[in-house]
file entry_6.tsv (TSV, C-alpha atoms)
chain	number	residue	atom	x	y	z
A	1	MET	CA	-37.02	-108.34	-108.08
A	2	SER	CA	-39.35	-107.26	-105.30
A	3	SER	CA	-42.09	-104.78	-105.98
A	4	ALA	CA	-40.49	-102.33	-103.56
A	5	TYR	CA	-37.49	-102.14	-105.86
A	6	GLY	CA	-39.84	-101.38	-108.73
A	7	ILE	CA	-41.54	-98.55	-106.84
A	8	ALA	CA	-38.23	-96.96	-105.98
A	9	ASP	CA	-37.31	-97.10	-109.65
A	10	GLU	CA	-40.54	-95.39	-110.63
A	11	ARG	CA	-39.90	-92.66	-108.09
A	12	LEU	CA	-36.38	-92.06	-109.40
A	13	VAL	CA	-37.56	-91.85	-112.97
A	14	ALA	CA	-40.48	-89.59	-112.10
A	15	ASP	CA	-38.22	-87.23	-110.16
A	16	TYR	CA	-35.74	-87.14	-113.00
A	17	LEU	CA	-38.38	-86.40	-115.61
A	18	ASN	CA	-39.91	-83.72	-113.41
A	19	ARG	CA	-36.54	-82.05	-113.14
A	20	LEU	CA	-36.16	-82.30	-116.90
A	21	ALA	CA	-39.57	-80.78	-117.48
A	22	ALA	CA	-38.79	-77.91	-115.12
A	23	ALA	CA	-35.33	-77.23	-116.50
A	24	SER	CA	-36.57	-77.28	-120.10
A	25	ALA	CA	-39.33	-74.74	-119.54
A	26	THR	CA	-37.22	-72.11	-121.28
A	27	LEU	CA	-36.87	-74.11	-124.50
A	28	PRO	CA	-39.18	-73.64	-127.48
A	29	ALA	CA	-42.22	-75.87	-127.05
A	30	ASP	CA	-41.44	-78.28	-129.88
A	31	GLN	CA	-37.82	-78.76	-128.81
A	32	ARG	CA	-38.90	-79.25	-125.24
A	33	ALA	CA	-41.45	-81.88	-126.21
A	34	GLU	CA	-38.98	-83.67	-128.46
A	35	LEU	CA	-36.29	-83.73	-125.80
A	36	PHE	CA	-38.70	-85.00	-123.18
A	37	GLU	CA	-39.86	-87.73	-125.51
A	38	GLU	CA	-36.33	-88.80	-126.37
A	39	ILE	CA	-35.16	-88.97	-122.78
A	40	SER	CA	-38.30	-90.84	-121.74
A	41	LEU	CA	-37.76	-93.34	-124.54
A	42	HIS	CA	-34.14	-93.74	-123.53
A	43	ILE	CA	-35.12	-94.60	-119.99
A	44	ALA	CA	-37.85	-96.93	-121.20
A	45	GLU	CA	-35.40	-98.64	-123.52
A	46	ALA	CA	-32.88	-99.08	-120.71
A	47	ARG	CA	-35.52	-100.63	-118.53
A	48	ALA	CA	-36.69	-102.93	-121.32
A	49	VAL	CA	-33.10	-104.09	-121.71
A	50	GLN	CA	-32.96	-104.69	-117.99
A	51	ALA	CA	-36.19	-106.67	-118.10
A	52	THR	CA	-35.02	-108.95	-120.87
A	53	ALA	CA	-31.34	-109.21	-120.06
A	54	GLY	CA	-31.68	-109.44	-116.33
A	55	ALA	CA	-30.36	-107.35	-113.51
A	56	GLU	CA	-26.89	-108.86	-113.62
A	57	THR	CA	-26.01	-107.75	-117.12
A	58	SER	CA	-27.75	-104.41	-117.31
A	59	LEU	CA	-27.63	-101.20	-115.39
A	60	PRO	CA	-29.92	-100.35	-112.52
A	61	VAL	CA	-32.15	-97.35	-113.17
A	62	ALA	CA	-30.13	-95.11	-110.88
A	63	ASP	CA	-27.04	-95.73	-112.99
A	64	VAL	CA	-28.93	-95.13	-116.20
A	65	LEU	CA	-30.04	-91.75	-114.88
A	66	GLU	CA	-26.55	-90.94	-113.69
A	67	ARG	CA	-25.11	-91.70	-117.08
A	68	LEU	CA	-27.74	-89.55	-118.74
A	69	GLY	CA	-26.42	-86.67	-116.70
A	70	ARG	CA	-28.11	-83.85	-114.91
A	71	PRO	CA	-31.29	-82.64	-116.63
A	72	GLU	CA	-29.98	-79.09	-116.32
A	73	ASP	CA	-26.89	-80.01	-118.34
A	74	ILE	CA	-28.97	-81.67	-121.03
A	75	VAL	CA	-31.17	-78.60	-121.31
A	76	ARG	CA	-28.13	-76.38	-121.48
A	77	ALA	CA	-26.83	-78.46	-124.37
A	78	ALA	CA	-30.18	-78.00	-126.09
A	79	ALA	CA	-30.27	-74.27	-125.49
A	80	ASP	CA	-26.72	-73.50	-126.41
A	81	ASP	CA	-25.71	-74.52	-129.91
A	82	THR	CA	-22.05	-73.92	-129.30
A	83	GLU	CA	-22.10	-76.64	-126.67
A	84	THR	CA	-21.95	-79.26	-129.39
A	85	GLY	CA	-19.80	-77.55	-131.95
A	86	PRO	CA	-20.00	-75.04	-134.77
A	87	ILE	CA	-21.70	-76.80	-137.66
A	88	THR	CA	-22.74	-74.36	-140.33
A	89	PRO	CA	-26.50	-74.78	-140.53
A	90	VAL	CA	-28.15	-75.37	-143.88
A	91	PRO	CA	-29.16	-71.79	-144.61
A	92	VAL	CA	-32.82	-71.04	-145.07
A	93	GLN	CA	-32.72	-69.59	-148.57
A	94	ARG	CA	-35.65	-67.49	-149.59
A	95	PRO	CA	-35.65	-67.86	-153.35
A	96	PRO	CA	-34.60	-64.59	-155.05
A	97	ARG	CA	-37.84	-64.72	-156.97
A	98	ARG	CA	-39.71	-63.80	-153.82
A	99	ARG	CA	-37.76	-60.59	-153.43
A	100	VAL	CA	-38.63	-59.60	-156.96
A	101	LEU	CA	-42.24	-60.44	-156.27
A	102	ASP	CA	-42.29	-58.38	-153.09
A	103	THR	CA	-40.66	-55.40	-154.76
A	104	GLY	CA	-43.02	-55.67	-157.69
A	105	THR	CA	-46.00	-55.63	-155.36
A	106	VAL	CA	-44.85	-52.45	-153.70
A	107	ILE	CA	-44.07	-50.75	-157.01
A	108	LEU	CA	-47.51	-51.60	-158.31
A	109	LEU	CA	-49.08	-50.14	-155.20
A	110	LEU	CA	-47.04	-46.99	-155.58
A	111	VAL	CA	-47.26	-46.21	-159.25
A	112	GLY	CA	-49.57	-48.84	-160.65
A	113	GLY	CA	-52.42	-46.41	-160.64
A	114	LEU	CA	-50.44	-43.95	-162.72
A	115	LEU	CA	-48.99	-46.18	-165.37
A	116	ILE	CA	-51.59	-48.85	-165.89
A	117	GLY	CA	-55.12	-48.11	-164.77
A	118	LEU	CA	-55.69	-51.29	-162.83
A	119	GLY	CA	-52.07	-51.61	-161.69
A	120	TRP	CA	-52.85	-50.50	-158.18
A	121	ILE	CA	-55.61	-53.07	-157.84
A	122	ALA	CA	-53.21	-55.78	-158.99
A	123	GLY	CA	-50.70	-54.55	-156.43
A	124	ALA	CA	-53.31	-54.62	-153.68
A	125	VAL	CA	-54.33	-58.16	-154.57
A	126	MET	CA	-50.71	-59.28	-154.49
A	127	LEU	CA	-50.20	-57.47	-151.20
A	128	TRP	CA	-53.04	-59.25	-149.47
A	129	ALA	CA	-52.12	-62.61	-150.99
A	130	SER	CA	-48.51	-62.35	-149.89
A	131	PRO	CA	-47.32	-64.15	-146.77
A	132	ARG	CA	-44.55	-61.66	-146.41
A	133	TRP	CA	-46.43	-58.99	-144.48
A	134	ARG	CA	-48.56	-58.82	-141.38
A	135	THR	CA	-52.15	-57.67	-141.58
A	136	SER	CA	-51.27	-54.30	-140.03
A	137	ASP	CA	-48.74	-53.73	-142.81
A	138	LYS	CA	-51.25	-54.77	-145.42
A	139	LEU	CA	-53.81	-52.33	-144.07
A	140	LEU	CA	-51.19	-49.61	-144.19
A	141	GLY	CA	-50.35	-50.38	-147.77
A	142	THR	CA	-53.97	-50.41	-148.81
A	143	LEU	CA	-55.36	-47.42	-146.94
A	144	ILE	CA	-52.48	-45.01	-147.64
A	145	TRP	CA	-53.76	-44.33	-150.13
A	146	PRO	CA	-56.02	-46.25	-152.41
A	147	GLY	CA	-54.57	-45.64	-155.82
A	148	GLY	CA	-51.07	-44.99	-154.58
A	149	LEU	CA	-49.46	-41.92	-156.08
A	150	ALA	CA	-52.29	-41.77	-158.56
A	151	ALA	CA	-54.47	-40.49	-155.75
A	152	VAL	CA	-52.84	-37.09	-156.03
A	153	LEU	CA	-54.36	-36.79	-159.48
A	154	ALA	CA	-57.71	-36.55	-157.77
A	155	ILE	CA	-56.73	-33.35	-155.99
A	156	PRO	CA	-56.90	-30.98	-158.98
A	157	ARG	CA	-60.13	-32.64	-160.07
A	158	PHE	CA	-62.00	-32.40	-156.80
A	159	GLY	CA	-60.20	-29.54	-155.15
A	160	THR	CA	-60.58	-26.73	-157.66
A	161	GLY	CA	-62.01	-24.39	-155.07
A	162	LEU	CA	-59.30	-24.93	-152.51
A	163	PRO	CA	-56.85	-22.25	-151.38
A	164	PRO	CA	-53.44	-22.91	-152.96
A	165	LEU	CA	-51.73	-23.54	-149.63
A	166	LEU	CA	-54.19	-26.24	-148.69
A	167	ALA	CA	-53.97	-27.77	-152.12
A	168	LEU	CA	-50.20	-27.82	-151.89
A	169	SER	CA	-50.31	-29.44	-148.46
A	170	LEU	CA	-52.70	-32.06	-149.72
A	171	LEU	CA	-50.40	-32.69	-152.63
A	172	LEU	CA	-47.41	-33.14	-150.39
A	173	VAL	CA	-49.26	-35.45	-148.03
A	174	GLY	CA	-50.73	-37.29	-150.96
A	175	VAL	CA	-47.28	-37.98	-152.35
A	176	ALA	CA	-45.51	-38.59	-149.07
A	177	GLY	CA	-48.08	-41.04	-147.75
A	178	PRO	CA	-47.66	-43.82	-150.30
A	179	ILE	CA	-43.90	-43.34	-150.41
A	180	VAL	CA	-43.62	-43.77	-146.66
A	181	ALA	CA	-45.95	-46.76	-146.75
A	182	ALA	CA	-44.02	-48.30	-149.63
A	183	THR	CA	-40.71	-47.83	-147.85
A	184	ARG	CA	-42.05	-49.50	-144.74
A	185	LEU	CA	-43.41	-52.44	-146.70
A	186	LEU	CA	-40.13	-52.90	-148.53
A	187	ARG	CA	-38.07	-52.71	-145.34
A	188	ARG	CA	-40.26	-55.32	-143.72
A	189	ALA	CA	-40.09	-57.63	-146.69
A	190	TRP	CA	-36.33	-57.40	-147.03
A	191	ARG	CA	-35.75	-57.88	-143.35
A	192	THR	CA	-37.85	-61.02	-143.11
A	193	SER	CA	-36.39	-62.51	-146.26
A	194	ALA	CA	-32.80	-62.13	-145.11
A	195	GLY	CA	-32.75	-65.52	-143.42
A	196	PRO	CA	-31.99	-66.50	-139.82
A	197	PRO	CA	-29.95	-64.03	-137.79
A	198	ALA	CA	-26.24	-64.74	-137.37
A	199	ASP	CA	-25.41	-66.79	-134.31
A	200	PRO	CA	-24.01	-64.29	-131.80
A	201	HIS	CA	-22.02	-67.05	-130.17
A	202	ALA	CA	-20.29	-68.22	-133.32
A	203	LEU	CA	-17.22	-66.05	-132.86
A	204	HIS	CA	-17.01	-66.38	-129.12
A	205	PRO	CA	-16.67	-70.00	-128.01
A	206	ALA	CA	-18.01	-70.54	-124.52
A	207	ARG	CA	-15.28	-71.14	-122.00
B	1	MET	CA	-10.12	-65.64	-127.30
B	2	TRP	CA	-9.06	-68.78	-125.51
B	3	CYS	CA	-6.47	-68.22	-122.85
B	4	MET	CA	-3.67	-70.76	-123.00
B	5	VAL	CA	-2.57	-71.16	-119.43
B	6	ALA	CA	-0.82	-74.32	-118.37
B	7	GLY	CA	-3.39	-76.69	-116.92
B	8	GLU	CA	-6.20	-75.39	-119.09
B	9	ALA	CA	-5.34	-77.82	-121.86
B	10	GLY	CA	-7.96	-80.16	-120.46
B	11	ASN	CA	-10.62	-77.54	-121.04
B	12	LEU	CA	-9.36	-77.01	-124.59
B	13	VAL	CA	-9.54	-80.72	-125.32
B	14	ALA	CA	-13.10	-80.80	-123.98
B	15	GLN	CA	-14.00	-77.98	-126.32
B	16	MET	CA	-12.39	-79.75	-129.24
B	17	ARG	CA	-14.31	-82.91	-128.43
B	18	ARG	CA	-17.52	-80.92	-128.43
B	19	GLY	CA	-16.59	-79.46	-131.77
B	20	VAL	CA	-16.01	-82.79	-133.50
B	21	LEU	CA	-18.78	-84.69	-131.78
B	22	PRO	CA	-21.46	-83.89	-134.39
B	23	TYR	CA	-19.21	-85.30	-137.10
B	24	CYS	CA	-18.50	-88.39	-135.04
B	25	VAL	CA	-22.23	-88.96	-134.80
B	26	LEU	CA	-22.57	-88.51	-138.57
B	27	ALA	CA	-19.74	-90.98	-139.09
B	28	MET	CA	-21.46	-93.55	-136.92
B	29	LEU	CA	-24.53	-93.32	-139.13
B	30	ARG	CA	-22.54	-93.75	-142.31
B	31	ASN	CA	-23.04	-97.47	-142.65
B	32	LYS	CA	-26.37	-98.06	-141.01
B	33	GLU	CA	-29.20	-96.26	-139.36
B	34	GLN	CA	-29.32	-96.46	-135.60
B	35	TYR	CA	-31.66	-95.43	-132.85
B	36	GLY	CA	-30.81	-93.01	-130.05
B	37	PHE	CA	-30.09	-95.56	-127.36
B	38	GLU	CA	-27.66	-97.45	-129.61
B	39	LEU	CA	-25.81	-94.31	-130.62
B	40	VAL	CA	-25.54	-93.08	-127.07
B	41	HIS	CA	-24.06	-96.34	-125.91
B	42	ALA	CA	-21.63	-96.58	-128.80
B	43	LEU	CA	-20.41	-93.06	-128.11
B	44	GLY	CA	-20.29	-93.65	-124.39
B	45	GLY	CA	-17.97	-96.55	-125.07
B	46	THR	CA	-15.51	-94.36	-126.98
B	47	ASP	CA	-13.19	-92.91	-124.43
B	48	GLY	CA	-14.48	-89.65	-123.05
B	49	MET	CA	-16.49	-88.54	-126.06
B	50	VAL	CA	-19.50	-87.41	-124.07
B	51	THR	CA	-20.06	-85.80	-120.73
B	52	GLY	CA	-23.63	-86.89	-119.98
B	53	GLU	CA	-25.24	-89.35	-122.37
B	54	GLY	CA	-28.38	-87.23	-122.41
B	55	THR	CA	-26.59	-84.41	-124.23
B	56	ILE	CA	-26.54	-86.53	-127.38
B	57	TYR	CA	-30.28	-86.06	-127.83
B	58	PRO	CA	-30.20	-82.29	-128.29
B	59	LEU	CA	-27.35	-82.82	-130.72
B	60	LEU	CA	-29.35	-85.37	-132.72
B	61	ALA	CA	-32.33	-83.02	-132.76
B	62	ARG	CA	-30.15	-80.22	-134.05
B	63	LEU	CA	-28.69	-82.42	-136.78
B	64	ARG	CA	-32.21	-83.28	-137.82
B	65	ARG	CA	-33.29	-79.62	-137.88
B	66	GLN	CA	-30.28	-78.83	-140.01
B	67	GLY	CA	-31.26	-81.53	-142.49
B	68	LEU	CA	-28.12	-83.60	-141.91
B	69	VAL	CA	-29.98	-86.63	-140.59
B	70	GLU	CA	-33.47	-88.01	-141.07
B	71	THR	CA	-35.57	-90.00	-138.63
B	72	THR	CA	-38.07	-92.81	-138.90
B	73	TRP	CA	-40.05	-94.62	-136.25
B	74	GLN	CA	-39.98	-98.38	-135.94
B	75	GLU	CA	-41.95	-100.53	-133.59
B	76	SER	CA	-40.04	-102.88	-131.35
B	77	THR	CA	-41.33	-106.12	-129.87
B	78	THR	CA	-38.99	-105.93	-126.91
B	79	GLY	CA	-39.51	-102.37	-125.81
B	80	PRO	CA	-40.75	-98.89	-126.71
B	81	PRO	CA	-40.90	-97.65	-130.32
B	82	ARG	CA	-37.54	-96.59	-131.63
B	83	LYS	CA	-36.59	-93.44	-133.43
B	84	TYR	CA	-34.01	-94.42	-136.01
B	85	TYR	CA	-31.55	-91.87	-137.35
B	86	ARG	CA	-29.97	-92.11	-140.77
B	87	LEU	CA	-27.63	-89.92	-142.73
B	88	ALA	CA	-29.23	-87.52	-145.20
B	89	GLN	CA	-27.40	-86.44	-148.33
B	90	ALA	CA	-26.47	-83.14	-146.73
B	91	GLY	CA	-25.08	-85.06	-143.79
B	92	GLN	CA	-23.04	-87.25	-146.09
B	93	ASP	CA	-21.61	-84.18	-147.77
B	94	ALA	CA	-20.81	-82.52	-144.47
B	95	LEU	CA	-19.10	-85.66	-143.26
B	96	THR	CA	-17.00	-85.97	-146.40
B	97	GLU	CA	-15.90	-82.37	-146.12
B	98	PHE	CA	-15.09	-82.73	-142.45
B	99	THR	CA	-13.09	-85.89	-143.03
B	100	GLU	CA	-10.82	-84.07	-145.45
B	101	SER	CA	-10.42	-81.03	-143.20
B	102	TRP	CA	-9.81	-83.17	-140.17
B	103	GLY	CA	-7.18	-85.22	-141.96
B	104	ARG	CA	-5.29	-82.12	-143.00
B	105	LEU	CA	-5.52	-80.56	-139.55
B	106	ARG	CA	-4.51	-83.75	-137.81
B	107	ASP	CA	-1.50	-84.20	-140.06
B	108	SER	CA	-0.34	-80.60	-139.61
B	109	VAL	CA	-0.66	-80.72	-135.85
B	110	ASP	CA	1.06	-84.10	-135.67
B	111	ASP	CA	3.95	-82.77	-137.72
B	112	LEU	CA	4.32	-79.72	-135.54
B	113	LEU	CA	4.15	-81.74	-132.36
B	114	ALA	CA	6.62	-84.30	-133.64
B	115	SER	CA	9.14	-81.69	-134.69
B	116	SER	CA	8.90	-79.75	-131.43
B	117	GLY	CA	9.06	-82.93	-129.36
B	118	GLN	CA	6.41	-81.72	-126.90
B	119	ASP	CA	2.79	-82.66	-126.43
B	120	PRO	CA	0.88	-79.74	-124.91
B	121	PHE	CA	-2.44	-81.51	-125.21
B	122	ARG	CA	-1.77	-84.18	-122.63
call {"tool": "encode", "arguments": {"input": "entry_6.tsv", "output": "structure tokens"}}
result
Amino acid sequence: MSSAYGIADERLVADYLNRLAAASATLPADQRAELFEEISLHIAEARAVQATAGAETSLPVADVLERLGRPEDIVRAAADDTETGPITPVPVQRPPRRRVLDTGTVILLLVGGLLIGLGWIAGAVMLWASPRWRTSDKLLGTLIWPGGLAAVLAIPRFGTGLPPLLALSLLLVGVAGPIVAATRLLRRAWRTSAGPPADPHALHPAR
Amino acid sequence: MWCMVAGEAGNLVAQMRRGVLPYCVLAMLRNKEQYGFELVHALGGTDGMVTGEGTIYPLLARLRRQGLVETTWQESTTGPPRKYYRLAQAGQDALTEFTESWGRLRDSVDDLLASSGQDPFR
């Protein structure tokens, strides 16, 4: 084989891989990298076979690339799960224990201060230790309000001189705040523990 | 819904092939682990099972993400390192289940086709 033949091969492969890289830009990074690696290995394997078996019994590079198919089609197969058939994926099961843990954390934050003196602190520790919530949620749960519903108990103690209307408003806000925060925390937790979203294509096979 | 117009049977068959292809891959791994290049060529040999050979790789990656197959790397003296695929337990279970379902479906369809005397899938 002349070196010119080798250079033409390199050019074909490089063009093909460039097309693959461009077409796969929309894929998640890890899938894209894996696909690129696999296709590159496939081509390398084909060429190794050609080197050992000889040009007569193995495919020229152009044919190998043709049989691989268009990079755009390969990427489409990667992007569209229905392309290769409806296998039910192994569901990502969050263990039920986590839901109990999450709910318990929120309850402690809400009423822990009322029932058991240090309950709110325990709830706050669990909140910050939990992977379930983002930092913004955790700040919400901690700052509104420290002590949870128990915070309203502070109003009569420190607000004896307040006009009744103001005291009542404070009471309402004091109660509403933690309840709203708790609801938000629970909604977040239950949404993220529900597992992967249903495949919107599952009921509508691509034509 | 699929529209059954005469002449579109070819498209339906293509869709059916795509549907069973993952299980065919699992079946090929039943007896021994194989690397991508091997699998691709074995499938390519089976009449019309794949469009482009390259589309097998996304399928293999998906099977791995779903826990149906596992991969290991092995060095090769004659070429690049090889990523070997083997059936995981979940894959074995899926394959067993599919084999039963497929057998039942195949038998029912064959019976219907035989009794009606026509073959709309050709």
call {"tool": "interface_residues", "arguments": {"input": "entry_6.tsv", "of": "chain B", "to": "chain A", "cutoff": "8 Å", "atoms": "only C-alpha atoms", "output": "MDAnalysis selection string"}}
result
chainID B and resid 1:2 11 18:22 36:37 51:55 57:59 61 66:67 78:82
call {"tool": "residues_around", "arguments": {"input": "entry_6.tsv", "residues": "Leu12 (chain A)", "least_positions_apart": "6", "cutoff": "10 Å", "atoms": "only C-alpha atoms", "output": "VMD selection string"}}
result
chain A and resid 6 18 61 to 62 65
call {"tool": "write_last_selection", "arguments": {"input": "entry_6.tsv", "atoms": "C-alpha atoms", "output": "short mmCIF file (atom, residue, chain, number, x, y, z; two decimals), in the coordinates of the input"}}
result
data_model
loop_
_atom_site.label_atom_id
_atom_site.label_comp_id
_atom_site.auth_asym_id
_atom_site.auth_seq_id
_atom_site.Cartn_x
_atom_site.Cartn_y
_atom_site.Cartn_z
CA GLY A 6 -39.84 -101.38 -108.73
CA ASN A 18 -39.91 -83.72 -113.41
CA VAL A 61 -32.15 -97.35 -113.17
CA ALA A 62 -30.13 -95.11 -110.88
CA LEU A 65 -30.04 -91.75 -114.88
#
call {"tool": "atom_distance", "arguments": {"input": "entry_6.tsv", "atom1": "CA of Arg188 (chain A)", "atom2": "CA of Leu140 (chain A)"}}
result
12.3 Å
call {"tool": "atom_distance", "arguments": {"input": "entry_6.tsv", "atom1": "CA of Thr142 (chain A)", "atom2": "CA of Arg191 (chain A)"}}
result
20.4 Å
call {"tool": "atom_distance", "arguments": {"input": "entry_6.tsv", "atom1": "CA of Arg104 (chain B)", "atom2": "CA of Leu29 (chain B)"}}
result
22.6 Å
call {"tool": "axis_aligned_box", "arguments": {"input": "entry_6.tsv", "around": "region 9-28 of chain B", "padding_each_side": "3 Å", "output": "AutoDock Vina command-line options"}}
result
--center_x -14.0 --center_y -85.3 --center_z -129.8 --size_x 23.2 --size_y 22.5 --size_z 24.6
call {"tool": "residues_around", "arguments": {"input": "entry_6.tsv", "residues": "Gln92 (chain B)", "least_positions_apart": "2", "cutoff": "9 Å", "atoms": "only C-alpha atoms", "output": "ChimeraX atom specification"}}
result
/B:26-27,30,68-69,87-90,94-97
call {"tool": "build_atoms", "arguments": {"input": "entry_6.tsv", "residues": "region 74-90 of chain B", "atoms": "N, CA and C atoms", "output": "PDB file, keeping the file's coordinate frame"}}
result
ATOM      1  N   GLN B  74     -39.739 -96.950-135.742  1.00  0.00           N
ATOM      2  CA  GLN B  74     -39.980 -98.380-135.940  1.00  0.00           C
ATOM      3  C   GLN B  74     -40.464 -98.997-134.643  1.00  0.00           C
ATOM      4  N   GLU B  75     -41.456 -99.824-134.763  1.00  0.00           N
ATOM      5  CA  GLU B  75     -41.950-100.530-133.590  1.00  0.00           C
ATOM      6  C   GLU B  75     -40.927-101.572-133.152  1.00  0.00           C
ATOM      7  N   SER B  76     -40.927-101.840-131.860  1.00  0.00           N
ATOM      8  CA  SER B  76     -40.040-102.880-131.350  1.00  0.00           C
ATOM      9  C   SER B  76     -40.863-103.855-130.520  1.00  0.00           C
ATOM     10  N   THR B  77     -40.587-105.144-130.640  1.00  0.00           N
ATOM     11  CA  THR B  77     -41.330-106.120-129.870  1.00  0.00           C
ATOM     12  C   THR B  77     -40.817-106.189-128.436  1.00  0.00           C
ATOM     13  N   THR B  78     -39.589-105.748-128.231  1.00  0.00           N
ATOM     14  CA  THR B  78     -38.990-105.930-126.910  1.00  0.00           C
ATOM     15  C   THR B  78     -39.038-104.678-126.048  1.00  0.00           C
ATOM     16  N   GLY B  79     -39.528-103.576-126.611  1.00  0.00           N
ATOM     17  CA  GLY B  79     -39.510-102.370-125.810  1.00  0.00           C
ATOM     18  C   GLY B  79     -40.316-101.268-126.470  1.00  0.00           C
ATOM     19  N   PRO B  80     -40.014-100.013-126.133  1.00  0.00           N
ATOM     20  CA  PRO B  80     -40.750 -98.890-126.710  1.00  0.00           C
ATOM     21  C   PRO B  80     -40.400 -98.699-128.180  1.00  0.00           C
ATOM     22  N   PRO B  81     -41.229 -97.944-128.916  1.00  0.00           N
ATOM     23  CA  PRO B  81     -40.900 -97.650-130.320  1.00  0.00           C
ATOM     24  C   PRO B  81     -39.556 -96.933-130.395  1.00  0.00           C
ATOM     25  N   ARG B  82     -38.881 -97.139-131.513  1.00  0.00           N
ATOM     26  CA  ARG B  82     -37.540 -96.590-131.630  1.00  0.00           C
ATOM     27  C   ARG B  82     -37.456 -95.578-132.741  1.00  0.00           C
ATOM     28  N   LYS B  83     -36.772 -94.479-132.438  1.00  0.00           N
ATOM     29  CA  LYS B  83     -36.590 -93.440-133.430  1.00  0.00           C
ATOM     30  C   LYS B  83     -35.224 -93.682-134.072  1.00  0.00           C
ATOM     31  N   TYR B  84     -35.248 -94.121-135.322  1.00  0.00           N
ATOM     32  CA  TYR B  84     -34.010 -94.420-136.010  1.00  0.00           C
ATOM     33  C   TYR B  84     -33.489 -93.193-136.748  1.00  0.00           C
ATOM     34  N   TYR B  85     -32.198 -92.976-136.653  1.00  0.00           N
ATOM     35  CA  TYR B  85     -31.550 -91.870-137.350  1.00  0.00           C
ATOM     36  C   TYR B  85     -30.749 -92.422-138.522  1.00  0.00           C
ATOM     37  N   ARG B  86     -30.851 -91.740-139.661  1.00  0.00           N
ATOM     38  CA  ARG B  86     -29.970 -92.110-140.770  1.00  0.00           C
ATOM     39  C   ARG B  86     -29.431 -90.846-141.418  1.00  0.00           C
ATOM     40  N   LEU B  87     -28.322 -91.035-142.100  1.00  0.00           N
ATOM     41  CA  LEU B  87     -27.630 -89.920-142.730  1.00  0.00           C
ATOM     42  C   LEU B  87     -28.412 -89.415-143.942  1.00  0.00           C
ATOM     43  N   ALA B  88     -28.645 -88.107-143.991  1.00  0.00           N
ATOM     44  CA  ALA B  88     -29.230 -87.520-145.200  1.00  0.00           C
ATOM     45  C   ALA B  88     -28.090 -87.141-146.148  1.00  0.00           C
ATOM     46  N   GLN B  89     -28.439 -86.789-147.353  1.00  0.00           N
ATOM     47  CA  GLN B  89     -27.400 -86.440-148.330  1.00  0.00           C
ATOM     48  C   GLN B  89     -26.548 -85.280-147.827  1.00  0.00           C
ATOM     49  N   ALA B  90     -27.209 -84.283-147.256  1.00  0.00           N
ATOM     50  CA  ALA B  90     -26.470 -83.140-146.730  1.00  0.00           C
ATOM     51  C   ALA B  90     -25.510 -83.571-145.640  1.00  0.00           C
TER      52      ALA B  90
END
